[in-house]
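**Q** If it helps, the file is called start_1.cif and holds mmCIF, C-alpha atoms:
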data_target
loop_
_atom_site.group_PDB
_atom_site.id
_atom_site.type_symbol
_atom_site.label_atom_id
_atom_site.label_comp_id
_atom_site.auth_asym_id
_atom_site.auth_seq_id
_atom_site.Cartn_x
_atom_site.Cartn_y
_atom_site.Cartn_z
ATOM 1 C CA MET A 9 0.000 0.000 0.000
ATOM 2 C CA SER A 10 1.281 3.448 -0.950
ATOM 3 C CA ARG A 11 0.392 6.977 0.035
ATOM 4 C CA ILE A 12 -0.531 8.712 -3.246
ATOM 5 C CA PHE A 13 -0.921 12.452 -3.860
ATOM 6 C CA VAL A 14 -3.368 13.018 -6.766
ATOM 7 C CA THR A 15 -3.718 16.518 -8.197
ATOM 8 C CA GLY A 16 -6.962 17.330 -9.981
ATOM 9 C CA GLY A 17 -8.723 14.747 -7.824
ATOM 10 C CA SER A 18 -12.098 16.499 -8.132
ATOM 11 C CA GLY A 19 -12.139 16.342 -11.951
ATOM 12 C CA ARG A 20 -13.864 13.900 -14.297
ATOM 13 C CA LEU A 21 -10.862 11.585 -14.485
ATOM 14 C CA GLY A 22 -9.592 12.493 -11.032
ATOM 15 C CA ARG A 23 -12.630 11.199 -9.177
ATOM 16 C CA SER A 24 -12.357 7.765 -10.758
ATOM 17 C CA VAL A 25 -8.599 7.661 -10.178
ATOM 18 C CA VAL A 26 -8.991 8.641 -6.526
ATOM 19 C CA ALA A 27 -11.774 6.094 -5.998
ATOM 20 C CA GLY A 28 -9.967 3.319 -7.874
ATOM 21 C CA LEU A 29 -6.679 3.767 -6.034
ATOM 22 C CA ALA A 30 -8.466 3.897 -2.680
ATOM 23 C CA GLU A 31 -10.364 0.731 -3.545
ATOM 24 C CA ALA A 32 -7.041 -0.911 -4.422
ATOM 25 C CA GLY A 33 -5.909 -0.280 -0.853
ATOM 26 C CA HIS A 34 -3.825 2.878 -1.199
ATOM 27 C CA GLN A 35 -3.958 5.919 1.043
ATOM 28 C CA VAL A 36 -5.028 8.704 -1.326
ATOM 29 C CA ILE A 37 -4.736 12.462 -0.929
ATOM 30 C CA SER A 38 -6.978 14.279 -3.416
ATOM 31 C CA VAL A 39 -5.758 17.806 -4.162
ATOM 32 C CA ASP A 40 -7.788 20.369 -6.095
ATOM 33 C CA ARG A 41 -9.064 23.932 -5.933
ATOM 34 C CA GLU A 42 -12.521 22.589 -5.100
ATOM 35 C CA ALA A 43 -13.216 19.644 -2.835
ATOM 36 C CA ILE A 44 -15.168 16.533 -3.764
ATOM 37 C CA PRO A 45 -18.554 16.811 -1.990
ATOM 38 C CA ALA A 46 -18.474 14.934 1.298
ATOM 39 C CA ASP A 47 -21.267 12.554 0.254
ATOM 40 C CA GLN A 48 -19.271 11.568 -2.865
ATOM 41 C CA LEU A 49 -15.855 11.195 -1.227
ATOM 42 C CA PRO A 50 -14.634 7.580 -1.224
ATOM 43 C CA ALA A 51 -13.988 6.114 2.205
ATOM 44 C CA GLY A 52 -10.536 6.821 3.580
ATOM 45 C CA VAL A 53 -9.607 9.489 1.016
ATOM 46 C CA GLU A 54 -8.033 12.657 2.409
ATOM 47 C CA GLN A 55 -8.675 16.007 0.764
ATOM 48 C CA GLU A 56 -6.591 19.132 0.474
ATOM 49 C CA THR A 57 -7.703 22.281 -1.319
ATOM 50 C CA GLY A 58 -5.357 24.849 -2.753
ATOM 51 C CA ASP A 59 -4.143 26.656 -5.841
ATOM 52 C CA LEU A 60 -1.119 24.751 -7.093
ATOM 53 C CA LEU A 61 -0.158 27.732 -9.232
ATOM 54 C CA ALA A 62 0.416 29.853 -6.135
ATOM 55 C CA PRO A 63 4.142 30.154 -5.339
ATOM 56 C CA GLY A 64 5.218 27.461 -2.908
ATOM 57 C CA GLU A 65 1.776 25.845 -2.636
ATOM 58 C CA ALA A 66 2.715 22.538 -4.260
ATOM 59 C CA LEU A 67 5.784 22.265 -2.054
ATOM 60 C CA ARG A 68 3.754 23.079 1.078
ATOM 61 C CA LEU A 69 1.071 20.492 0.372
ATOM 62 C CA LEU A 70 3.593 17.806 -0.493
ATOM 63 C CA LYS A 71 5.574 18.461 2.686
ATOM 64 C CA GLU A 72 2.429 18.286 4.797
ATOM 65 C CA THR A 73 1.112 15.074 3.239
ATOM 66 C CA ASN A 74 4.446 13.238 2.732
ATOM 67 C CA PRO A 75 3.363 10.913 -0.120
ATOM 68 C CA ASP A 76 5.170 7.926 -1.637
ATOM 69 C CA ALA A 77 3.962 8.843 -5.141
ATOM 70 C CA VAL A 78 2.494 11.771 -7.067
ATOM 71 C CA ILE A 79 -0.021 11.521 -9.918
ATOM 72 C CA HIS A 80 -0.471 14.891 -11.604
ATOM 73 C CA LEU A 81 -3.829 15.264 -13.365
ATOM 74 C CA ALA A 82 -4.654 18.922 -12.672
ATOM 75 C CA ALA A 83 -4.996 20.994 -15.845
ATOM 76 C CA ILE A 84 -7.378 22.890 -18.059
ATOM 77 C CA ALA A 85 -8.657 19.677 -19.580
ATOM 78 C CA VAL A 86 -10.475 20.732 -22.758
ATOM 79 C CA PRO A 87 -8.798 22.355 -25.780
ATOM 80 C CA PHE A 88 -10.059 25.867 -26.590
ATOM 81 C CA SER A 89 -12.081 26.042 -23.346
ATOM 82 C CA ALA A 90 -10.037 29.128 -22.385
ATOM 83 C CA PRO A 91 -7.799 31.546 -24.287
ATOM 84 C CA GLU A 92 -4.801 29.777 -25.793
ATOM 85 C CA ASP A 93 -2.249 31.676 -23.723
ATOM 86 C CA VAL A 94 -4.158 30.847 -20.532
ATOM 87 C CA ILE A 95 -4.291 27.132 -21.362
ATOM 88 C CA PHE A 96 -0.594 27.037 -22.203
ATOM 89 C CA ALA A 97 0.539 28.985 -19.143
ATOM 90 C CA THR A 98 -1.757 27.158 -16.737
ATOM 91 C CA ASN A 99 -0.974 23.620 -17.841
ATOM 92 C CA THR A 100 2.772 24.021 -18.239
ATOM 93 C CA ARG A 101 3.166 25.911 -14.955
ATOM 94 C CA LEU A 102 1.062 23.336 -13.096
ATOM 95 C CA ALA A 103 3.121 20.447 -14.452
ATOM 96 C CA TYR A 104 6.425 22.104 -13.626
ATOM 97 C CA ALA A 105 5.311 23.262 -10.178
ATOM 98 C CA VAL A 106 4.110 19.825 -9.088
ATOM 99 C CA ILE A 107 6.889 17.755 -10.671
ATOM 100 C CA SER A 108 9.683 20.052 -9.495
ATOM 101 C CA ALA A 109 8.312 20.235 -5.946
ATOM 102 C CA ALA A 110 7.937 16.460 -5.747
ATOM 103 C CA THR A 111 11.466 16.046 -7.090
ATOM 104 C CA GLU A 112 12.865 18.537 -4.575
ATOM 105 C CA LEU A 113 11.308 16.551 -1.747
ATOM 106 C CA GLY A 114 12.520 13.236 -3.152
ATOM 107 C CA VAL A 115 9.112 11.648 -3.754
ATOM 108 C CA PRO A 116 10.119 8.251 -5.229
ATOM 109 C CA LYS A 117 7.510 7.995 -8.008
ATOM 110 C CA ILE A 118 6.096 10.862 -10.103
ATOM 111 C CA VAL A 119 3.556 10.457 -12.909
ATOM 112 C CA THR A 120 1.990 13.125 -15.118
ATOM 113 C CA ALA A 121 -1.012 13.014 -17.424
ATOM 114 C CA SER A 122 -0.504 13.916 -21.064
ATOM 115 C CA SER A 123 -2.913 13.511 -23.991
ATOM 116 C CA PRO A 124 -3.177 11.767 -27.377
ATOM 117 C CA THR A 125 -3.721 15.230 -28.868
ATOM 118 C CA VAL A 126 0.046 15.763 -28.807
ATOM 119 C CA LEU A 127 0.089 13.840 -32.102
ATOM 120 C CA GLY A 128 -1.696 16.678 -33.866
ATOM 121 C CA TYR A 129 -4.781 15.060 -35.368
ATOM 122 C CA GLY A 130 -7.514 17.515 -36.274
ATOM 123 C CA SER A 131 -5.119 20.170 -37.501
ATOM 124 C CA PRO A 132 -6.918 22.636 -39.793
ATOM 125 C CA ALA A 133 -3.861 22.486 -42.057
ATOM 126 C CA GLY A 134 -4.394 18.751 -42.529
ATOM 127 C CA TRP A 135 -2.818 15.767 -40.797
ATOM 128 C CA LEU A 136 -1.904 12.219 -41.694
ATOM 129 C CA PRO A 137 0.291 9.854 -39.678
ATOM 130 C CA ASP A 138 2.840 7.594 -41.295
ATOM 131 C CA ALA A 139 0.914 4.531 -40.141
ATOM 132 C CA PHE A 140 -1.927 3.156 -38.041
ATOM 133 C CA PRO A 141 -2.263 2.179 -35.298
ATOM 134 C CA LEU A 142 -0.776 5.225 -33.616
ATOM 135 C CA ASP A 143 1.679 4.507 -30.825
ATOM 136 C CA GLU A 144 4.332 6.141 -28.678
ATOM 137 C CA ARG A 145 6.734 6.241 -31.639
ATOM 138 C CA THR A 146 4.353 8.350 -33.745
ATOM 139 C CA THR A 147 5.845 11.820 -34.201
ATOM 140 C CA PRO A 148 4.067 14.483 -32.106
ATOM 141 C CA LYS A 149 2.839 17.489 -34.116
ATOM 142 C CA PRO A 150 0.814 19.610 -31.668
ATOM 143 C CA TRP A 151 -1.115 22.445 -33.306
ATOM 144 C CA ASN A 152 -2.847 24.112 -30.350
ATOM 145 C CA ALA A 153 -1.915 25.302 -26.867
ATOM 146 C CA TYR A 154 -3.524 22.373 -25.074
ATOM 147 C CA ALA A 155 -1.661 19.735 -27.096
ATOM 148 C CA LEU A 156 1.620 21.632 -26.804
ATOM 149 C CA SER A 157 1.207 21.999 -23.029
ATOM 150 C CA LYS A 158 0.735 18.254 -22.708
ATOM 151 C CA LEU A 159 3.818 17.501 -24.782
ATOM 152 C CA ILE A 160 5.782 19.852 -22.532
ATOM 153 C CA ALA A 161 4.470 17.952 -19.488
ATOM 154 C CA GLU A 162 5.937 14.766 -20.984
ATOM 155 C CA GLN A 163 9.215 16.521 -21.676
ATOM 156 C CA THR A 164 9.251 17.864 -18.129
ATOM 157 C CA VAL A 165 9.280 14.368 -16.613
ATOM 158 C CA GLN A 166 11.905 13.299 -19.150
ATOM 159 C CA MET A 167 14.056 16.293 -18.205
ATOM 160 C CA PHE A 168 13.896 15.458 -14.518
ATOM 161 C CA ALA A 169 14.515 11.771 -15.225
ATOM 162 C CA ALA A 170 17.641 12.723 -17.170
ATOM 163 C CA ALA A 171 18.846 14.813 -14.249
ATOM 164 C CA GLN A 172 17.951 12.402 -11.447
ATOM 165 C CA GLY A 173 18.919 9.066 -12.974
ATOM 166 C CA ASP A 174 17.172 6.204 -11.194
ATOM 167 C CA ARG A 175 16.976 7.965 -7.825
ATOM 168 C CA ILE A 176 13.424 9.047 -8.672
ATOM 169 C CA ARG A 177 11.162 7.238 -11.116
ATOM 170 C CA TYR A 178 9.066 9.229 -13.595
ATOM 171 C CA ALA A 179 6.419 8.391 -16.204
ATOM 172 C CA ALA A 180 3.791 10.048 -18.373
ATOM 173 C CA PHE A 181 0.580 8.628 -19.785
ATOM 174 C CA ARG A 182 -1.789 9.668 -22.550
ATOM 175 C CA PRO A 183 -5.355 8.734 -21.600
ATOM 176 C CA CYS A 184 -7.669 8.517 -24.585
ATOM 177 C CA TYR A 185 -11.083 10.234 -24.609
ATOM 178 C CA VAL A 186 -12.063 9.700 -20.969
ATOM 179 C CA ILE A 187 -15.512 8.312 -20.214
ATOM 180 C CA SER A 188 -16.629 8.577 -16.599
ATOM 181 C CA PRO A 189 -19.051 6.021 -15.108
ATOM 182 C CA GLU A 190 -22.074 8.326 -15.201
ATOM 183 C CA GLU A 191 -21.618 8.870 -18.929
ATOM 184 C CA TRP A 192 -22.392 5.201 -19.556
ATOM 185 C CA GLU A 193 -25.719 5.955 -17.900
ATOM 186 C CA GLY A 194 -26.571 8.749 -20.324
ATOM 187 C CA ALA A 195 -24.912 11.807 -18.786
ATOM 188 C CA PRO A 196 -23.514 14.184 -21.437
ATOM 189 C CA THR A 197 -19.841 14.023 -22.331
ATOM 190 C CA GLN A 198 -17.477 17.002 -22.412
ATOM 191 C CA GLN A 199 -18.823 17.910 -25.842
ATOM 192 C CA GLY A 200 -22.433 17.964 -24.647
ATOM 193 C CA HIS A 201 -23.773 14.897 -26.438
ATOM 194 C CA THR A 202 -24.178 11.392 -25.067
ATOM 195 C CA LEU A 203 -22.108 8.313 -25.826
ATOM 196 C CA ALA A 204 -25.063 6.768 -27.610
ATOM 197 C CA GLU A 205 -25.145 9.797 -29.889
ATOM 198 C CA ARG A 206 -21.398 9.431 -30.530
ATOM 199 C CA LEU A 207 -21.970 5.821 -31.555
ATOM 200 C CA ALA A 208 -25.018 6.644 -33.655
ATOM 201 C CA ASP A 209 -23.244 9.430 -35.558
ATOM 202 C CA PRO A 210 -19.599 8.607 -36.419
ATOM 203 C CA ALA A 211 -18.959 12.259 -37.244
ATOM 204 C CA LEU A 212 -19.058 13.039 -33.517
ATOM 205 C CA SER A 213 -16.238 10.625 -32.623
ATOM 206 C CA ALA A 214 -14.228 11.096 -35.807
ATOM 207 C CA PRO A 215 -12.402 14.262 -34.596
ATOM 208 C CA ALA A 216 -10.860 12.138 -31.810
ATOM 209 C CA LEU A 217 -10.175 9.257 -34.229
ATOM 210 C CA PHE A 218 -12.752 7.165 -32.323
ATOM 211 C CA ASN A 219 -10.513 6.769 -29.278
ATOM 212 C CA TYR A 220 -11.811 6.354 -25.724
ATOM 213 C CA VAL A 221 -11.050 4.837 -22.332
ATOM 214 C CA ASP A 222 -13.110 4.123 -19.243
ATOM 215 C CA ALA A 223 -11.879 6.301 -16.355
ATOM 216 C CA ARG A 224 -11.835 3.246 -14.082
ATOM 217 C CA ASP A 225 -9.446 1.501 -16.455
ATOM 218 C CA VAL A 226 -7.138 4.506 -16.125
ATOM 219 C CA ALA A 227 -7.184 4.028 -12.343
ATOM 220 C CA ASP A 228 -6.275 0.360 -12.827
ATOM 221 C CA PHE A 229 -3.449 1.352 -15.176
ATOM 222 C CA LEU A 230 -2.025 3.840 -12.674
ATOM 223 C CA ASP A 231 -2.160 1.294 -9.862
ATOM 224 C CA LEU A 232 -0.173 -1.151 -11.980
ATOM 225 C CA LEU A 233 2.220 1.516 -13.282
ATOM 226 C CA LEU A 234 3.141 2.599 -9.751
ATOM 227 C CA ALA A 235 3.771 -1.018 -8.791
ATOM 228 C CA LYS A 236 6.106 -1.580 -11.736
ATOM 229 C CA MET A 237 7.905 1.758 -12.146
ATOM 230 C CA ASP A 238 11.062 0.423 -10.509
ATOM 231 C CA SER A 239 11.375 -2.338 -13.103
ATOM 232 C CA ILE A 240 10.813 -0.403 -16.356
ATOM 233 C CA PRO A 241 12.926 2.276 -18.082
ATOM 234 C CA ASN A 242 12.663 5.688 -16.455
ATOM 235 C CA GLY A 243 10.675 8.522 -18.044
ATOM 236 C CA GLU A 244 8.464 6.314 -20.241
ATOM 237 C CA THR A 245 5.236 7.522 -21.882
ATOM 238 C CA PHE A 246 2.229 5.247 -22.396
ATOM 239 C CA PHE A 247 -0.999 5.372 -24.365
ATOM 240 C CA VAL A 248 -3.932 4.287 -22.195
ATOM 241 C CA GLY A 249 -7.048 3.400 -24.143
ATOM 242 C CA ALA A 250 -9.778 0.844 -24.692
ATOM 243 C CA ALA A 251 -9.062 -2.311 -26.644
ATOM 244 C CA ASP A 252 -11.542 -1.287 -29.339
ATOM 245 C CA ALA A 253 -12.812 1.857 -31.044
ATOM 246 C CA LEU A 254 -15.844 3.963 -30.111
ATOM 247 C CA ALA A 255 -17.600 2.965 -33.303
ATOM 248 C CA THR A 256 -20.054 0.345 -34.538
ATOM 249 C CA ALA A 257 -18.247 -0.135 -37.860
ATOM 250 C CA PRO A 258 -14.586 -1.063 -38.471
ATOM 251 C CA LEU A 259 -12.228 1.905 -38.646
ATOM 252 C CA ALA A 260 -10.931 0.609 -41.954
ATOM 253 C CA GLU A 261 -14.320 1.698 -43.314
ATOM 254 C CA LEU A 262 -14.844 4.829 -41.218
ATOM 255 C CA MET A 263 -11.424 6.466 -41.191
ATOM 256 C CA PRO A 264 -11.191 7.226 -44.951
ATOM 257 C CA ARG A 265 -14.567 8.988 -44.717
ATOM 258 C CA PHE A 266 -13.335 11.443 -42.113
ATOM 259 C CA LEU A 267 -9.565 11.519 -42.649
ATOM 260 C CA PRO A 268 -8.931 12.188 -46.342
ATOM 261 C CA GLY A 269 -6.027 10.270 -47.808
ATOM 262 C CA SER A 270 -5.966 7.616 -45.091
ATOM 263 C CA ASP A 271 -7.346 4.720 -47.153
ATOM 264 C CA ALA A 272 -4.066 2.818 -47.406
ATOM 265 C CA ILE A 273 -2.881 3.284 -43.820
ATOM 266 C CA SER A 274 -6.352 2.532 -42.399
ATOM 267 C CA ALA A 275 -6.609 -0.791 -44.206
ATOM 268 C CA GLY A 276 -4.756 -2.593 -41.434
ATOM 269 C CA LEU A 277 -7.263 -1.533 -38.769
ATOM 270 C CA THR A 278 -9.214 -4.762 -38.895
ATOM 271 C CA GLY A 279 -12.361 -5.662 -37.013
ATOM 272 C CA THR A 280 -12.912 -3.566 -33.901
ATOM 273 C CA SER A 281 -9.237 -2.598 -33.519
ATOM 274 C CA PRO A 282 -8.648 1.014 -32.359
ATOM 275 C CA ALA A 283 -6.507 3.666 -34.011
ATOM 276 C CA PHE A 284 -4.362 3.974 -30.857
ATOM 277 C CA SER A 285 -2.152 1.073 -29.814
ATOM 278 C CA ILE A 286 -1.891 0.100 -26.141
ATOM 279 C CA ALA A 287 0.684 -2.595 -26.870
ATOM 280 C CA LYS A 288 3.435 -0.835 -24.924
ATOM 281 C CA ALA A 289 1.394 -0.795 -21.704
ATOM 282 C CA GLN A 290 0.420 -4.399 -22.290
ATOM 283 C CA GLU A 291 3.973 -5.560 -22.898
ATOM 284 C CA LEU A 292 5.903 -3.477 -20.333
ATOM 285 C CA LEU A 293 3.307 -3.503 -17.562
ATOM 286 C CA GLY A 294 0.983 -6.394 -18.316
ATOM 287 C CA TRP A 295 -1.971 -3.973 -18.290
ATOM 288 C CA GLN A 296 -5.213 -4.773 -20.078
ATOM 289 C CA PRO A 297 -8.359 -2.590 -20.112
ATOM 290 C CA LYS A 298 -11.371 -4.377 -18.643
ATOM 291 C CA ARG A 299 -14.172 -2.210 -19.989
ATOM 292 C CA SER A 300 -15.656 -1.467 -23.412
ATOM 293 C CA TRP A 301 -18.678 0.427 -24.689
ATOM 294 C CA ARG A 302 -20.022 -3.021 -25.545
ATOM 295 C CA THR A 303 -20.028 -4.035 -21.871
ATOM 296 C CA GLU A 304 -20.788 -0.714 -20.175
ATOM 297 C CA LEU A 305 -23.391 1.144 -22.236
ATOM 298 C CA ASN A 306 -27.062 0.438 -21.535
ATOM 299 C CA PRO A 307 -28.933 1.186 -24.790
ATOM 300 C CA SER A 308 -32.313 1.371 -23.051
ATOM 301 C CA LEU A 309 -31.197 4.678 -21.528
ATOM 302 C CA ASN A 310 -30.232 6.109 -24.894
ATOM 303 C CA PRO A 311 -33.054 6.429 -27.448
ATOM 304 C CA ALA A 312 -30.662 8.082 -29.921
ATOM 305 C CA LEU A 313 -28.806 4.797 -30.417
ATOM 306 C CA THR A 314 -29.236 3.493 -33.953
ATOM 307 C CA ASP A 315 -30.419 -0.001 -34.835
ATOM 308 C CA GLU A 316 -26.861 -0.775 -35.939
ATOM 309 C CA ALA A 317 -25.390 0.167 -32.565
ATOM 310 C CA SER A 318 -28.181 -1.618 -30.683
ATOM 311 C CA ALA A 319 -27.478 -4.773 -32.685
ATOM 312 C CA ALA A 320 -23.804 -4.515 -31.761
ATOM 313 C CA LEU A 321 -24.739 -4.274 -28.095
ATOM 314 C CA VAL A 322 -27.078 -7.243 -28.343
ATOM 315 C CA ALA A 323 -24.260 -9.260 -29.929
ATOM 316 C CA ALA A 324 -22.040 -8.301 -27.011
ATOM 317 C CA GLY A 325 -24.659 -9.380 -24.472
ATOM 318 C CA THR A 326 -25.865 -5.961 -23.282
ATOM 319 C CA GLY A 327 -28.785 -5.297 -25.622
ATOM 320 C CA SER A 328 -31.389 -6.486 -23.115
ATOM 321 C CA GLY A 329 -30.536 -3.597 -20.837
ATOM 322 C CA SER A 330 -28.353 -5.673 -18.508
ATOM 323 C CA LYS A 331 -24.832 -4.536 -17.679
ATOM 324 C CA GLU A 332 -21.818 -6.766 -17.525
ATOM 325 C CA THR A 333 -18.856 -5.360 -15.661
ATOM 326 C CA PRO A 334 -15.745 -7.535 -15.876
#
Can I see the file as structure tokens?
**A**
Amino acid sequence: MSRIFVTGGSGRLGRSVVAGLAEAGHQVISVDREAIPADQLPAGVEQETGDLLAPGEALRLLKETNPDAVIHLAAIAVPFSAPEDVIFATNTRLAYAVISAATELGVPKIVTASSPTVLGYGSPAGWLPDAFPLDERTTPKPWNAYALSKLIAEQTVQMFAAAQGDRIRYAAFRPCYVISPEEWEGAPTQQGHTLAERLADPALSAPALFNYVDARDVADFLDLLLAKMDSIPNGETFFVGAADALATAPLAELMPRFLPGSDAISAGLTGTSPAFSIAKAQELLGWQPKRSWRTELNPSLNPALTDEASAALVAAGTGSGSKETP
């Protein structure tokens, strides 16, 4: 059992990470500007509120809580949800403040959240990768402040890893489009539409290349990552996503419709395979996502779901309205 300091613990991803790590037996300190409501706080989780951008605040909170590990999630989490200079300054300063303070205090394990957007898909100037599936070797080409700030967060942990050697272990992870538990029940996503609507209309998921991950699977990944950080290369970055795509049709069919010029490189995306590879996390850590839209989404709550998507859910054993949680 470890004592884990989680920044951004009140956020969409943060709440599931805090709950999942606590359930796994860790002592968790959730840190955010706003507290999780008392009736929603998982048992045994401590809370600290504060502005991590304030000079010395990250160092103060880390000294007071004395954690064994830090997971940095706090950020402006949605591209273009604030002015570009605000997003860039906020996210890069947060990452540096937390990682540098944890390093100064000698916290043994430090992890930061990045984003698949660092690769640059969706650029108005056009974008095509060299190959699918996308993985950690795909060249980053960020085109907005959010994506650039996340790439800098990755480079920040790599910088500290280069300076510290193996004295402190660092890692970064790129969670795909995060789906929180309530969104499987019909709550709107960050973009304002439901998951059923994203499945019914491929144009809604196409800007994210149909990627997604259940927030609880991210918590499971982080639990495993912390356990294995001493035995893997320092400063590694991992994609964390579902084992399939958020789509009812194969991406080999869908991708050329929404990503012009991708016919040849999309041809290898067979069956339900996603555009983002999680092979590195599987091979280095032994991690495997447990949840899929096929097992988590209840179509009876989502009248917008098309017959095609409903049929896919029936085939997966969830079309009757029952839920199967591995």
**Q** Taking 3 positions as the minimum chain separation for residues in the same chain, which residues sit within 9 Å of Glu42 in chain A when counting all atoms listed in the file? Answer as a list in words.
**A**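 Residues meeting the cut-off are Ser18, Val39, Pro45, Glu56, Thr57 and Gly58 of chain A.
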**Q** Please identify all polymer residues within 10 Å of Ala170 in chain A, counting all atoms listed in the file, omitting same-chain residues fewer than 5 positions from it, and present them as a list in words.
**A**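 Near Ala170 in chain A, the qualifying residues are Thr164, Val165, Tyr178, Asn242 and Gly243 of chain A.
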**Q** When the PyMOL selection byres ((chain A and resi 118) around 12) is applied to the file above, which residues end up in the set, as number ranges by chain?
**A** A: 12-15, 75-81, 103-104, 106-117, 119-121, 161-162, 164-166, 168-169, 175-181, 230, 233-234, 237-238, 242-244
**Q** Step by step, work through what the PyMOL selection byres ((chain A and resi 252-266) around 10) selects in the shown file, and finish by giving those residues as a PDB file with C-alpha atoms, in the frame of the given file.
**A**
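Below is the file expr-v5.pdb, written as the result:
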ATOM      1  CA  TYR A 185     -11.083  10.234 -24.609  1.00  0.00           C
ATOM      2  CA  LEU A 203     -22.108   8.313 -25.826  1.00  0.00           C
ATOM      3  CA  ALA A 204     -25.063   6.768 -27.610  1.00  0.00           C
ATOM      4  CA  ARG A 206     -21.398   9.431 -30.530  1.00  0.00           C
ATOM      5  CA  LEU A 207     -21.970   5.821 -31.555  1.00  0.00           C
ATOM      6  CA  ALA A 208     -25.018   6.644 -33.655  1.00  0.00           C
ATOM      7  CA  ASP A 209     -23.244   9.430 -35.558  1.00  0.00           C
ATOM      8  CA  PRO A 210     -19.599   8.607 -36.419  1.00  0.00           C
ATOM      9  CA  ALA A 211     -18.959  12.259 -37.244  1.00  0.00           C
ATOM     10  CA  SER A 213     -16.238  10.625 -32.623  1.00  0.00           C
ATOM     11  CA  ALA A 214     -14.228  11.096 -35.807  1.00  0.00           C
ATOM     12  CA  PRO A 215     -12.402  14.262 -34.596  1.00  0.00           C
ATOM     13  CA  ALA A 216     -10.860  12.138 -31.810  1.00  0.00           C
ATOM     14  CA  LEU A 217     -10.175   9.257 -34.229  1.00  0.00           C
ATOM     15  CA  PHE A 218     -12.752   7.165 -32.323  1.00  0.00           C
ATOM     16  CA  ASN A 219     -10.513   6.769 -29.278  1.00  0.00           C
ATOM     17  CA  TYR A 220     -11.811   6.354 -25.724  1.00  0.00           C
ATOM     18  CA  VAL A 221     -11.050   4.837 -22.332  1.00  0.00           C
ATOM     19  CA  GLY A 249      -7.048   3.400 -24.143  1.00  0.00           C
ATOM     20  CA  ALA A 250      -9.778   0.844 -24.692  1.00  0.00           C
ATOM     21  CA  ALA A 251      -9.062  -2.311 -26.644  1.00  0.00           C
ATOM     22  CA  LEU A 267      -9.565  11.519 -42.649  1.00  0.00           C
ATOM     23  CA  PRO A 268      -8.931  12.188 -46.342  1.00  0.00           C
ATOM     24  CA  GLY A 269      -6.027  10.270 -47.808  1.00  0.00           C
ATOM     25  CA  SER A 270      -5.966   7.616 -45.091  1.00  0.00           C
ATOM     26  CA  ASP A 271      -7.346   4.720 -47.153  1.00  0.00           C
ATOM     27  CA  ALA A 272      -4.066   2.818 -47.406  1.00  0.00           C
ATOM     28  CA  ILE A 273      -2.881   3.284 -43.820  1.00  0.00           C
ATOM     29  CA  SER A 274      -6.352   2.532 -42.399  1.00  0.00           C
ATOM     30  CA  ALA A 275      -6.609  -0.791 -44.206  1.00  0.00           C
ATOM     31  CA  GLY A 276      -4.756  -2.593 -41.434  1.00  0.00           C
ATOM     32  CA  LEU A 277      -7.263  -1.533 -38.769  1.00  0.00           C
ATOM     33  CA  THR A 278      -9.214  -4.762 -38.895  1.00  0.00           C
ATOM     34  CA  GLY A 279     -12.361  -5.662 -37.013  1.00  0.00           C
ATOM     35  CA  THR A 280     -12.912  -3.566 -33.901  1.00  0.00           C
ATOM     36  CA  SER A 281      -9.237  -2.598 -33.519  1.00  0.00           C
ATOM     37  CA  PRO A 282      -8.648   1.014 -32.359  1.00  0.00           C
ATOM     38  CA  ALA A 283      -6.507   3.666 -34.011  1.00  0.00           C
ATOM     39  CA  PHE A 284      -4.362   3.974 -30.857  1.00  0.00           C
ATOM     40  CA  SER A 285      -2.152   1.073 -29.814  1.00  0.00           C
ATOM     41  CA  PRO A 297      -8.359  -2.590 -20.112  1.00  0.00           C
ATOM     42  CA  ARG A 299     -14.172  -2.210 -19.989  1.00  0.00           C
ATOM     43  CA  SER A 300     -15.656  -1.467 -23.412  1.00  0.00           C
ATOM     44  CA  TRP A 301     -18.678   0.427 -24.689  1.00  0.00           C
ATOM     45  CA  ARG A 302     -20.022  -3.021 -25.545  1.00  0.00           C
ATOM     46  CA  THR A 314     -29.236   3.493 -33.953  1.00  0.00           C
ATOM     47  CA  GLU A 316     -26.861  -0.775 -35.939  1.00  0.00           C
ATOM     48  CA  ALA A 317     -25.390   0.167 -32.565  1.00  0.00           C
ATOM     49  CA  SER A 318     -28.181  -1.618 -30.683  1.00  0.00           C
ATOM     50  CA  ALA A 319     -27.478  -4.773 -32.685  1.00  0.00           C
ATOM     51  CA  ALA A 320     -23.804  -4.515 -31.761  1.00  0.00           C
ATOM     52  CA  LEU A 321     -24.739  -4.274 -28.095  1.00  0.00           C
TER      53      LEU A 321
END
**Q** Quote the spacing between CA of Glu65 in chain A and CA of Ile160 in chain A in Å to one decimal place.
**A** 21.2 Å
**Q** Which residue is closest to Ser122 in chain A? Choose from A:Val86, A:Leu212, A:Leu292, A:Ala155 and count only C-alpha atoms.
**A**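 Counting only C-alpha atoms, the residue closest to Ser122 in chain A is A:Ala155.
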**Q** Please provide as a list in words all residues within 10 Å of Asp93 in chain A, with the sequence filter that same-chain residues fewer than 5 positions apart are discarded (counting only C-alpha atoms).
**A**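 In the requested format, the answer is Thr98, Ala153 and Tyr154 of chain A.
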**Q** Provide the CA of Asn74 in chain A to CA of Ser10 in chain A distance in Å, to one decimal place.
**A**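 Taking CA of Asn74 in chain A and CA of Ser10 in chain A, their separation equals 10.9 Å.
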**Q** Using all atoms listed in the file, pick whichever of A:Gly16, A:Pro141, A:Pro241, A:Gly194 has the shortest atom-to-atom distance to Asp174 in chain A.
**A**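 Looking at the shortest contact to Asp174 in chain A, the residue is A:Pro241.
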**Q** What is the distance between CA of Trp192 in chain A and CA of Leu21 in chain A, in Å to one decimal?
**A** 14.1 Å
